[in-house]
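> What follows is a single structure, and I will ask about it in a moment.
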Amino acid sequence: MNRLERAKTLLWEENLTCVLVGEDREYKTDVRGVRYLLRLIENGEDVRGFSVADKVVGKGAAFLYVLLGVKEVYADVVSEGARTVLFTFGISVSERERVERILNRKGDGPCPIEHAVRDCISPEEAYVCIVERLKELAKE
């Protein structure tokens, strides 16, 4: 079983939200949203070249995967914006379902992170927008 297939299997069998599989390490979480990816970045985890399986990948998560340097991403659900980001930065992407945009958890509006990065063109700019939006959300 290759790394991407292993990541997908773990995602589904262990009911996780995100799995990153490398040659000799794996990272798994059931935390929703982008906070886990931010933690990997902030902790300086080296996941360059890893394969990823994720439940939902919006444009914000896609930019974070670029910063993390992953090789390939599978998503149960991926937004058009996320696919564009991943493709632009040379990351292979596959999905079960492609949607125009990711909705918020209530399903009545846009995902706040995807909305926060809607005009971003660089991963670094997106990172700043994501951190700022999460700070705003924490105050609400």
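If you're wondering about the labels, chains in the structure tokens are A, B, ... by order shown, residues count from 1 in each chain, ligands from 1 in order shown.
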Let's see if you can do this: from backbone DSSP, list all helix (DSSP H, G or I) residues in chain A, as a PDB file with N, CA and C atoms, in the first residue's frame.

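Final output, result03.pdb:
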ATOM      1  N   ARG A   3       1.733   5.420   0.292  1.00  0.00           N
ATOM      2  CA  ARG A   3       1.473   6.357   1.393  1.00  0.00           C
ATOM      3  C   ARG A   3       0.096   7.010   1.306  1.00  0.00           C
ATOM      4  N   LEU A   4      -0.296   7.398   0.109  1.00  0.00           N
ATOM      5  CA  LEU A   4      -1.601   8.038  -0.022  1.00  0.00           C
ATOM      6  C   LEU A   4      -2.725   7.056   0.314  1.00  0.00           C
ATOM      7  N   GLU A   5      -2.602   5.850  -0.147  1.00  0.00           N
ATOM      8  CA  GLU A   5      -3.621   4.836   0.176  1.00  0.00           C
ATOM      9  C   GLU A   5      -3.656   4.564   1.678  1.00  0.00           C
ATOM     10  N   ARG A   6      -2.496   4.532   2.320  1.00  0.00           N
ATOM     11  CA  ARG A   6      -2.454   4.340   3.779  1.00  0.00           C
ATOM     12  C   ARG A   6      -3.140   5.506   4.492  1.00  0.00           C
ATOM     13  N   ALA A   7      -2.857   6.725   4.045  1.00  0.00           N
ATOM     14  CA  ALA A   7      -3.468   7.905   4.659  1.00  0.00           C
ATOM     15  C   ALA A   7      -4.992   7.848   4.520  1.00  0.00           C
ATOM     16  N   LYS A   8      -5.484   7.485   3.346  1.00  0.00           N
ATOM     17  CA  LYS A   8      -6.924   7.382   3.121  1.00  0.00           C
ATOM     18  C   LYS A   8      -7.543   6.300   3.995  1.00  0.00           C
ATOM     19  N   THR A   9      -6.880   5.161   4.073  1.00  0.00           N
ATOM     20  CA  THR A   9      -7.391   4.065   4.897  1.00  0.00           C
ATOM     21  C   THR A   9      -7.495   4.484   6.359  1.00  0.00           C
ATOM     22  N   LEU A  10      -6.448   5.116   6.881  1.00  0.00           N
ATOM     23  CA  LEU A  10      -6.476   5.580   8.277  1.00  0.00           C
ATOM     24  C   LEU A  10      -7.575   6.629   8.478  1.00  0.00           C
ATOM     25  N   LEU A  11      -7.720   7.541   7.534  1.00  0.00           N
ATOM     26  CA  LEU A  11      -8.737   8.586   7.626  1.00  0.00           C
ATOM     27  C   LEU A  11     -10.116   7.970   7.829  1.00  0.00           C
ATOM     28  N   TRP A  12     -10.438   6.982   7.013  1.00  0.00           N
ATOM     29  CA  TRP A  12     -11.778   6.389   7.043  1.00  0.00           C
ATOM     30  C   TRP A  12     -11.943   5.394   8.187  1.00  0.00           C
ATOM     31  N   GLU A  13     -10.962   4.512   8.375  1.00  0.00           N
ATOM     32  CA  GLU A  13     -11.109   3.458   9.388  1.00  0.00           C
ATOM     33  C   GLU A  13     -11.075   3.998  10.807  1.00  0.00           C
ATOM     34  N   ARG A  35      -6.665  24.326  12.371  1.00  0.00           N
ATOM     35  CA  ARG A  35      -5.813  24.522  13.552  1.00  0.00           C
ATOM     36  C   ARG A  35      -4.692  23.485  13.659  1.00  0.00           C
ATOM     37  N   TYR A  36      -4.977  22.250  13.298  1.00  0.00           N
ATOM     38  CA  TYR A  36      -3.942  21.211  13.371  1.00  0.00           C
ATOM     39  C   TYR A  36      -2.803  21.519  12.399  1.00  0.00           C
ATOM     40  N   LEU A  37      -3.147  21.963  11.199  1.00  0.00           N
ATOM     41  CA  LEU A  37      -2.115  22.308  10.219  1.00  0.00           C
ATOM     42  C   LEU A  37      -1.282  23.489  10.708  1.00  0.00           C
ATOM     43  N   LEU A  38      -1.937  24.472  11.311  1.00  0.00           N
ATOM     44  CA  LEU A  38      -1.203  25.604  11.883  1.00  0.00           C
ATOM     45  C   LEU A  38      -0.243  25.130  12.972  1.00  0.00           C
ATOM     46  N   ARG A  39      -0.686  24.194  13.793  1.00  0.00           N
ATOM     47  CA  ARG A  39       0.168  23.664  14.860  1.00  0.00           C
ATOM     48  C   ARG A  39       1.403  22.971  14.274  1.00  0.00           C
ATOM     49  N   LEU A  40       1.229  22.211  13.203  1.00  0.00           N
ATOM     50  CA  LEU A  40       2.382  21.564  12.557  1.00  0.00           C
ATOM     51  C   LEU A  40       3.382  22.612  12.069  1.00  0.00           C
ATOM     52  N   ILE A  41       2.869  23.680  11.458  1.00  0.00           N
ATOM     53  CA  ILE A  41       3.736  24.758  10.961  1.00  0.00           C
ATOM     54  C   ILE A  41       4.446  25.436  12.129  1.00  0.00           C
ATOM     55  N   GLU A  42       3.684  25.808  13.142  1.00  0.00           N
ATOM     56  CA  GLU A  42       4.253  26.537  14.280  1.00  0.00           C
ATOM     57  C   GLU A  42       5.261  25.695  15.064  1.00  0.00           C
ATOM     58  N   LYS A  59      -9.570  26.469   0.384  1.00  0.00           N
ATOM     59  CA  LYS A  59      -8.423  27.232  -0.098  1.00  0.00           C
ATOM     60  C   LYS A  59      -7.422  27.517   1.023  1.00  0.00           C
ATOM     61  N   GLY A  60      -7.904  27.786   2.236  1.00  0.00           N
ATOM     62  CA  GLY A  60      -7.004  28.051   3.362  1.00  0.00           C
ATOM     63  C   GLY A  60      -6.130  26.851   3.678  1.00  0.00           C
ATOM     64  N   ALA A  61      -6.751  25.692   3.790  1.00  0.00           N
ATOM     65  CA  ALA A  61      -5.981  24.471   4.064  1.00  0.00           C
ATOM     66  C   ALA A  61      -4.999  24.199   2.934  1.00  0.00           C
ATOM     67  N   ALA A  62      -5.420  24.436   1.700  1.00  0.00           N
ATOM     68  CA  ALA A  62      -4.528  24.209   0.552  1.00  0.00           C
ATOM     69  C   ALA A  62      -3.265  25.066   0.667  1.00  0.00           C
ATOM     70  N   PHE A  63      -3.433  26.343   1.022  1.00  0.00           N
ATOM     71  CA  PHE A  63      -2.259  27.202   1.206  1.00  0.00           C
ATOM     72  C   PHE A  63      -1.363  26.681   2.332  1.00  0.00           C
ATOM     73  N   LEU A  64      -1.961  26.174   3.405  1.00  0.00           N
ATOM     74  CA  LEU A  64      -1.155  25.629   4.505  1.00  0.00           C
ATOM     75  C   LEU A  64      -0.415  24.370   4.059  1.00  0.00           C
ATOM     76  N   TYR A  65      -1.039  23.550   3.237  1.00  0.00           N
ATOM     77  CA  TYR A  65      -0.339  22.371   2.705  1.00  0.00           C
ATOM     78  C   TYR A  65       0.848  22.792   1.830  1.00  0.00           C
ATOM     79  N   VAL A  66       0.704  23.899   1.108  1.00  0.00           N
ATOM     80  CA  VAL A  66       1.836  24.417   0.324  1.00  0.00           C
ATOM     81  C   VAL A  66       2.973  24.790   1.268  1.00  0.00           C
ATOM     82  N   LEU A  67       2.660  25.526   2.336  1.00  0.00           N
ATOM     83  CA  LEU A  67       3.694  25.908   3.306  1.00  0.00           C
ATOM     84  C   LEU A  67       4.352  24.684   3.940  1.00  0.00           C
ATOM     85  N   LEU A  68       3.574  23.642   4.162  1.00  0.00           N
ATOM     86  CA  LEU A  68       4.112  22.423   4.775  1.00  0.00           C
ATOM     87  C   LEU A  68       4.944  21.599   3.781  1.00  0.00           C
ATOM     88  N   GLU A  80     -13.066  24.304  -5.362  1.00  0.00           N
ATOM     89  CA  GLU A  80     -12.395  24.681  -6.614  1.00  0.00           C
ATOM     90  C   GLU A  80     -11.161  25.529  -6.315  1.00  0.00           C
ATOM     91  N   GLY A  81     -11.287  26.467  -5.366  1.00  0.00           N
ATOM     92  CA  GLY A  81     -10.154  27.323  -5.007  1.00  0.00           C
ATOM     93  C   GLY A  81      -8.984  26.530  -4.459  1.00  0.00           C
ATOM     94  N   ALA A  82      -9.283  25.511  -3.651  1.00  0.00           N
ATOM     95  CA  ALA A  82      -8.225  24.665  -3.095  1.00  0.00           C
ATOM     96  C   ALA A  82      -7.520  23.884  -4.197  1.00  0.00           C
ATOM     97  N   ARG A  83      -8.288  23.337  -5.121  1.00  0.00           N
ATOM     98  CA  ARG A  83      -7.682  22.592  -6.244  1.00  0.00           C
ATOM     99  C   ARG A  83      -6.747  23.493  -7.035  1.00  0.00           C
ATOM    100  N   THR A  84      -7.176  24.718  -7.281  1.00  0.00           N
ATOM    101  CA  THR A  84      -6.362  25.662  -8.041  1.00  0.00           C
ATOM    102  C   THR A  84      -5.054  25.951  -7.316  1.00  0.00           C
ATOM    103  N   VAL A  85      -5.131  26.213  -6.010  1.00  0.00           N
ATOM    104  CA  VAL A  85      -3.921  26.485  -5.226  1.00  0.00           C
ATOM    105  C   VAL A  85      -2.972  25.297  -5.282  1.00  0.00           C
ATOM    106  N   LEU A  86      -3.478  24.114  -5.001  1.00  0.00           N
ATOM    107  CA  LEU A  86      -2.622  22.923  -4.972  1.00  0.00           C
ATOM    108  C   LEU A  86      -1.982  22.696  -6.341  1.00  0.00           C
ATOM    109  N   PHE A  87      -2.770  22.784  -7.388  1.00  0.00           N
ATOM    110  CA  PHE A  87      -2.262  22.585  -8.744  1.00  0.00           C
ATOM    111  C   PHE A  87      -1.191  23.631  -9.079  1.00  0.00           C
ATOM    112  N   THR A  88      -1.472  24.888  -8.741  1.00  0.00           N
ATOM    113  CA  THR A  88      -0.538  25.989  -9.031  1.00  0.00           C
ATOM    114  C   THR A  88       0.820  25.759  -8.388  1.00  0.00           C
ATOM    115  N   PRO A 112     -15.503  30.403   7.142  1.00  0.00           N
ATOM    116  CA  PRO A 112     -14.809  31.655   7.470  1.00  0.00           C
ATOM    117  C   PRO A 112     -13.338  31.675   7.041  1.00  0.00           C
ATOM    118  N   ILE A 113     -12.702  30.527   7.020  1.00  0.00           N
ATOM    119  CA  ILE A 113     -11.285  30.488   6.608  1.00  0.00           C
ATOM    120  C   ILE A 113     -11.180  30.622   5.091  1.00  0.00           C
ATOM    121  N   GLU A 114     -12.017  29.894   4.374  1.00  0.00           N
ATOM    122  CA  GLU A 114     -11.985  30.015   2.915  1.00  0.00           C
ATOM    123  C   GLU A 114     -12.314  31.453   2.510  1.00  0.00           C
ATOM    124  N   HIS A 115     -13.257  32.066   3.203  1.00  0.00           N
ATOM    125  CA  HIS A 115     -13.616  33.449   2.922  1.00  0.00           C
ATOM    126  C   HIS A 115     -12.448  34.392   3.233  1.00  0.00           C
ATOM    127  N   ALA A 116     -11.735  34.130   4.326  1.00  0.00           N
ATOM    128  CA  ALA A 116     -10.616  34.993   4.739  1.00  0.00           C
ATOM    129  C   ALA A 116      -9.483  35.003   3.714  1.00  0.00           C
ATOM    130  N   PRO A 123       0.999  31.710  -0.234  1.00  0.00           N
ATOM    131  CA  PRO A 123       0.802  30.965   1.015  1.00  0.00           C
ATOM    132  C   PRO A 123       1.114  31.806   2.248  1.00  0.00           C
ATOM    133  N   GLU A 124       2.118  32.655   2.140  1.00  0.00           N
ATOM    134  CA  GLU A 124       2.514  33.492   3.279  1.00  0.00           C
ATOM    135  C   GLU A 124       1.413  34.499   3.623  1.00  0.00           C
ATOM    136  N   GLU A 125       0.848  35.104   2.618  1.00  0.00           N
ATOM    137  CA  GLU A 125      -0.258  36.042   2.816  1.00  0.00           C
ATOM    138  C   GLU A 125      -1.462  35.311   3.407  1.00  0.00           C
ATOM    139  N   ALA A 126      -1.755  34.130   2.896  1.00  0.00           N
ATOM    140  CA  ALA A 126      -2.881  33.337   3.395  1.00  0.00           C
ATOM    141  C   ALA A 126      -2.679  32.962   4.856  1.00  0.00           C
ATOM    142  N   TYR A 127      -1.454  32.593   5.221  1.00  0.00           N
ATOM    143  CA  TYR A 127      -1.155  32.230   6.609  1.00  0.00           C
ATOM    144  C   TYR A 127      -1.528  33.373   7.544  1.00  0.00           C
ATOM    145  N   VAL A 128      -1.123  34.579   7.205  1.00  0.00           N
ATOM    146  CA  VAL A 128      -1.428  35.750   8.031  1.00  0.00           C
ATOM    147  C   VAL A 128      -2.945  35.952   8.118  1.00  0.00           C
ATOM    148  N   CYS A 129      -3.631  35.837   7.013  1.00  0.00           N
ATOM    149  CA  CYS A 129      -5.090  36.011   6.994  1.00  0.00           C
ATOM    150  C   CYS A 129      -5.785  34.948   7.846  1.00  0.00           C
ATOM    151  N   ILE A 130      -5.302  33.723   7.788  1.00  0.00           N
ATOM    152  CA  ILE A 130      -5.895  32.635   8.573  1.00  0.00           C
ATOM    153  C   ILE A 130      -5.708  32.886  10.061  1.00  0.00           C
ATOM    154  N   VAL A 131      -4.503  33.229  10.458  1.00  0.00           N
ATOM    155  CA  VAL A 131      -4.223  33.487  11.882  1.00  0.00           C
ATOM    156  C   VAL A 131      -5.090  34.638  12.386  1.00  0.00           C
ATOM    157  N   GLU A 132      -5.189  35.702  11.608  1.00  0.00           N
ATOM    158  CA  GLU A 132      -6.007  36.856  12.003  1.00  0.00           C
ATOM    159  C   GLU A 132      -7.476  36.470  12.124  1.00  0.00           C
ATOM    160  N   ARG A 133      -7.976  35.692  11.173  1.00  0.00           N
ATOM    161  CA  ARG A 133      -9.395  35.293  11.207  1.00  0.00           C
ATOM    162  C   ARG A 133      -9.677  34.406  12.407  1.00  0.00           C
ATOM    163  N   LEU A 134      -8.771  33.499  12.732  1.00  0.00           N
ATOM    164  CA  LEU A 134      -8.970  32.636  13.896  1.00  0.00           C
ATOM    165  C   LEU A 134      -8.988  33.457  15.188  1.00  0.00           C
ATOM    166  N   LYS A 135      -8.159  34.501  15.260  1.00  0.00           N
ATOM    167  CA  LYS A 135      -8.181  35.400  16.420  1.00  0.00           C
ATOM    168  C   LYS A 135      -9.541  36.090  16.535  1.00  0.00           C
ATOM    169  N   GLU A 136     -10.059  36.553  15.406  1.00  0.00           N
ATOM    170  CA  GLU A 136     -11.384  37.197  15.391  1.00  0.00           C
ATOM    171  C   GLU A 136     -12.469  36.222  15.830  1.00  0.00           C
ATOM    172  N   LEU A 137     -12.407  35.008  15.325  1.00  0.00           N
ATOM    173  CA  LEU A 137     -13.419  34.009  15.677  1.00  0.00           C
ATOM    174  C   LEU A 137     -13.378  33.666  17.164  1.00  0.00           C
ATOM    175  N   ALA A 138     -12.189  33.674  17.739  1.00  0.00           N
ATOM    176  CA  ALA A 138     -12.039  33.348  19.164  1.00  0.00           C
ATOM    177  C   ALA A 138     -12.714  34.409  20.031  1.00  0.00           C
ATOM    178  N   LYS A 139     -12.818  35.638  19.538  1.00  0.00           N
ATOM    179  CA  LYS A 139     -13.435  36.743  20.283  1.00  0.00           C
ATOM    180  C   LYS A 139     -14.962  36.697  20.216  1.00  0.00           C
TER     181      LYS A 139
END
> Show me, as a short mmCIF file (atom, residue, chain, number, x, y, z; two decimals) with N, CA and C atoms, in the first residue's frame, the residues that have an atom within 8 Å of Thr17 in chain A when counting only C-alpha atoms, minus same-chain residues fewer than 2 positions from it.

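See around26.cif below for the written result:
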data_model
loop_
_atom_site.label_atom_id
_atom_site.label_comp_id
_atom_site.auth_asym_id
_atom_site.auth_seq_id
_atom_site.Cartn_x
_atom_site.Cartn_y
_atom_site.Cartn_z
N LEU A 11 -7.72 7.54 7.53
CA LEU A 11 -8.74 8.59 7.63
C LEU A 11 -10.12 7.97 7.83
N ASN A 15 -11.87 7.16 11.58
CA ASN A 15 -12.78 8.30 11.63
C ASN A 15 -12.04 9.59 12.02
N VAL A 19 -4.88 13.03 7.97
CA VAL A 19 -3.77 12.09 8.17
C VAL A 19 -2.65 12.47 7.21
N LYS A 28 -1.80 12.15 12.79
CA LYS A 28 -3.23 11.91 12.68
C LYS A 28 -3.97 12.83 13.65
N THR A 29 -5.16 13.27 13.22
CA THR A 29 -5.97 14.10 14.10
C THR A 29 -7.45 13.92 13.79
N ASP A 30 -8.26 14.22 14.81
CA ASP A 30 -9.70 14.30 14.60
C ASP A 30 -10.20 15.73 14.83
N VAL A 31 -9.26 16.67 14.91
CA VAL A 31 -9.59 18.09 15.08
C VAL A 31 -10.10 18.63 13.75
N ARG A 32 -11.22 19.34 13.79
CA ARG A 32 -11.79 19.93 12.58
C ARG A 32 -11.13 21.27 12.28
N ASP A 54 -7.49 14.10 3.82
CA ASP A 54 -8.20 15.09 4.63
C ASP A 54 -9.68 15.01 4.31
N LYS A 55 -10.52 15.23 5.29
CA LYS A 55 -11.97 15.21 5.07
C LYS A 55 -12.41 16.36 4.17
N VAL A 56 -11.96 17.58 4.51
CA VAL A 56 -12.39 18.77 3.80
C VAL A 56 -11.18 19.68 3.56
#
> Would you list the contacts of Gly22 in chain A as a list in words, taking every protein, DNA or RNA residue within 12 Å and counting only C-alpha atoms, but skipping same-chain residues closer than 2 positions in sequence?
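Skipping anything fewer than 2 positions along the chain leaves Asn2, Arg3, Leu4, Glu5, Arg6, Ala7, Val19, Leu20, Asp24, Arg25, Glu26, Tyr27, Lys28, Glu45, Asp46, Val47, Arg48, Gly49, Phe50, Ser51, Val52, Ala53, Gly69, Val70, Lys71 and Glu72 of chain A.
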> In Å to one decimal, how far is CA of Val73 in chain A from CA of Asn104 in chain A?
21.3 Å
> When distances are computed from only C-alpha atoms, which of A:Ser122, A:Gly33, A:Val78, A:Gly44 shows the smallest separation from Arg98 in chain A?
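Closest to Arg98 in chain A of all the choices is A:Val78.
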> For each of A:Leu16, A:Cys111, A:Ala75, A:Met1, take the minimum atom-to-atom distance to Ser94 in chain A, counting only C-alpha atoms, then give the residue where this is smallest.
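Distance minimum relative to Ser94 in chain A lands on A:Ala75.
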> What residues in range 43-126 of chain A get the DSSP label strand (DSSP E)? Please answer as JSON, numbers by chain.
{"A": [51, 52, 53, 54, 55, 56, 57, 72, 73, 74, 75, 76, 77, 78, 79, 92, 93, 94, 95, 96, 97, 98, 99]}
> Please report the interatomic distance between CA of Arg101 in chain A and CA of Glu140 in chain A in Å with one decimal.
23.1 Å
> Restricting the calculation to only C-alpha atoms: of A:Val57, A:Pro110, A:Tyr74, A:Ser79, which residue gets closest to Val93 in chain A?
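Closest to Val93 in chain A of all the choices is A:Tyr74.
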> I'd like the interatomic distance between CA of Gly58 in chain A and CA of Asp108 in chain A, to a tenth of an Å.
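For CA of Gly58 in chain A relative to CA of Asp108 in chain A, the distance reads 16.2 Å.
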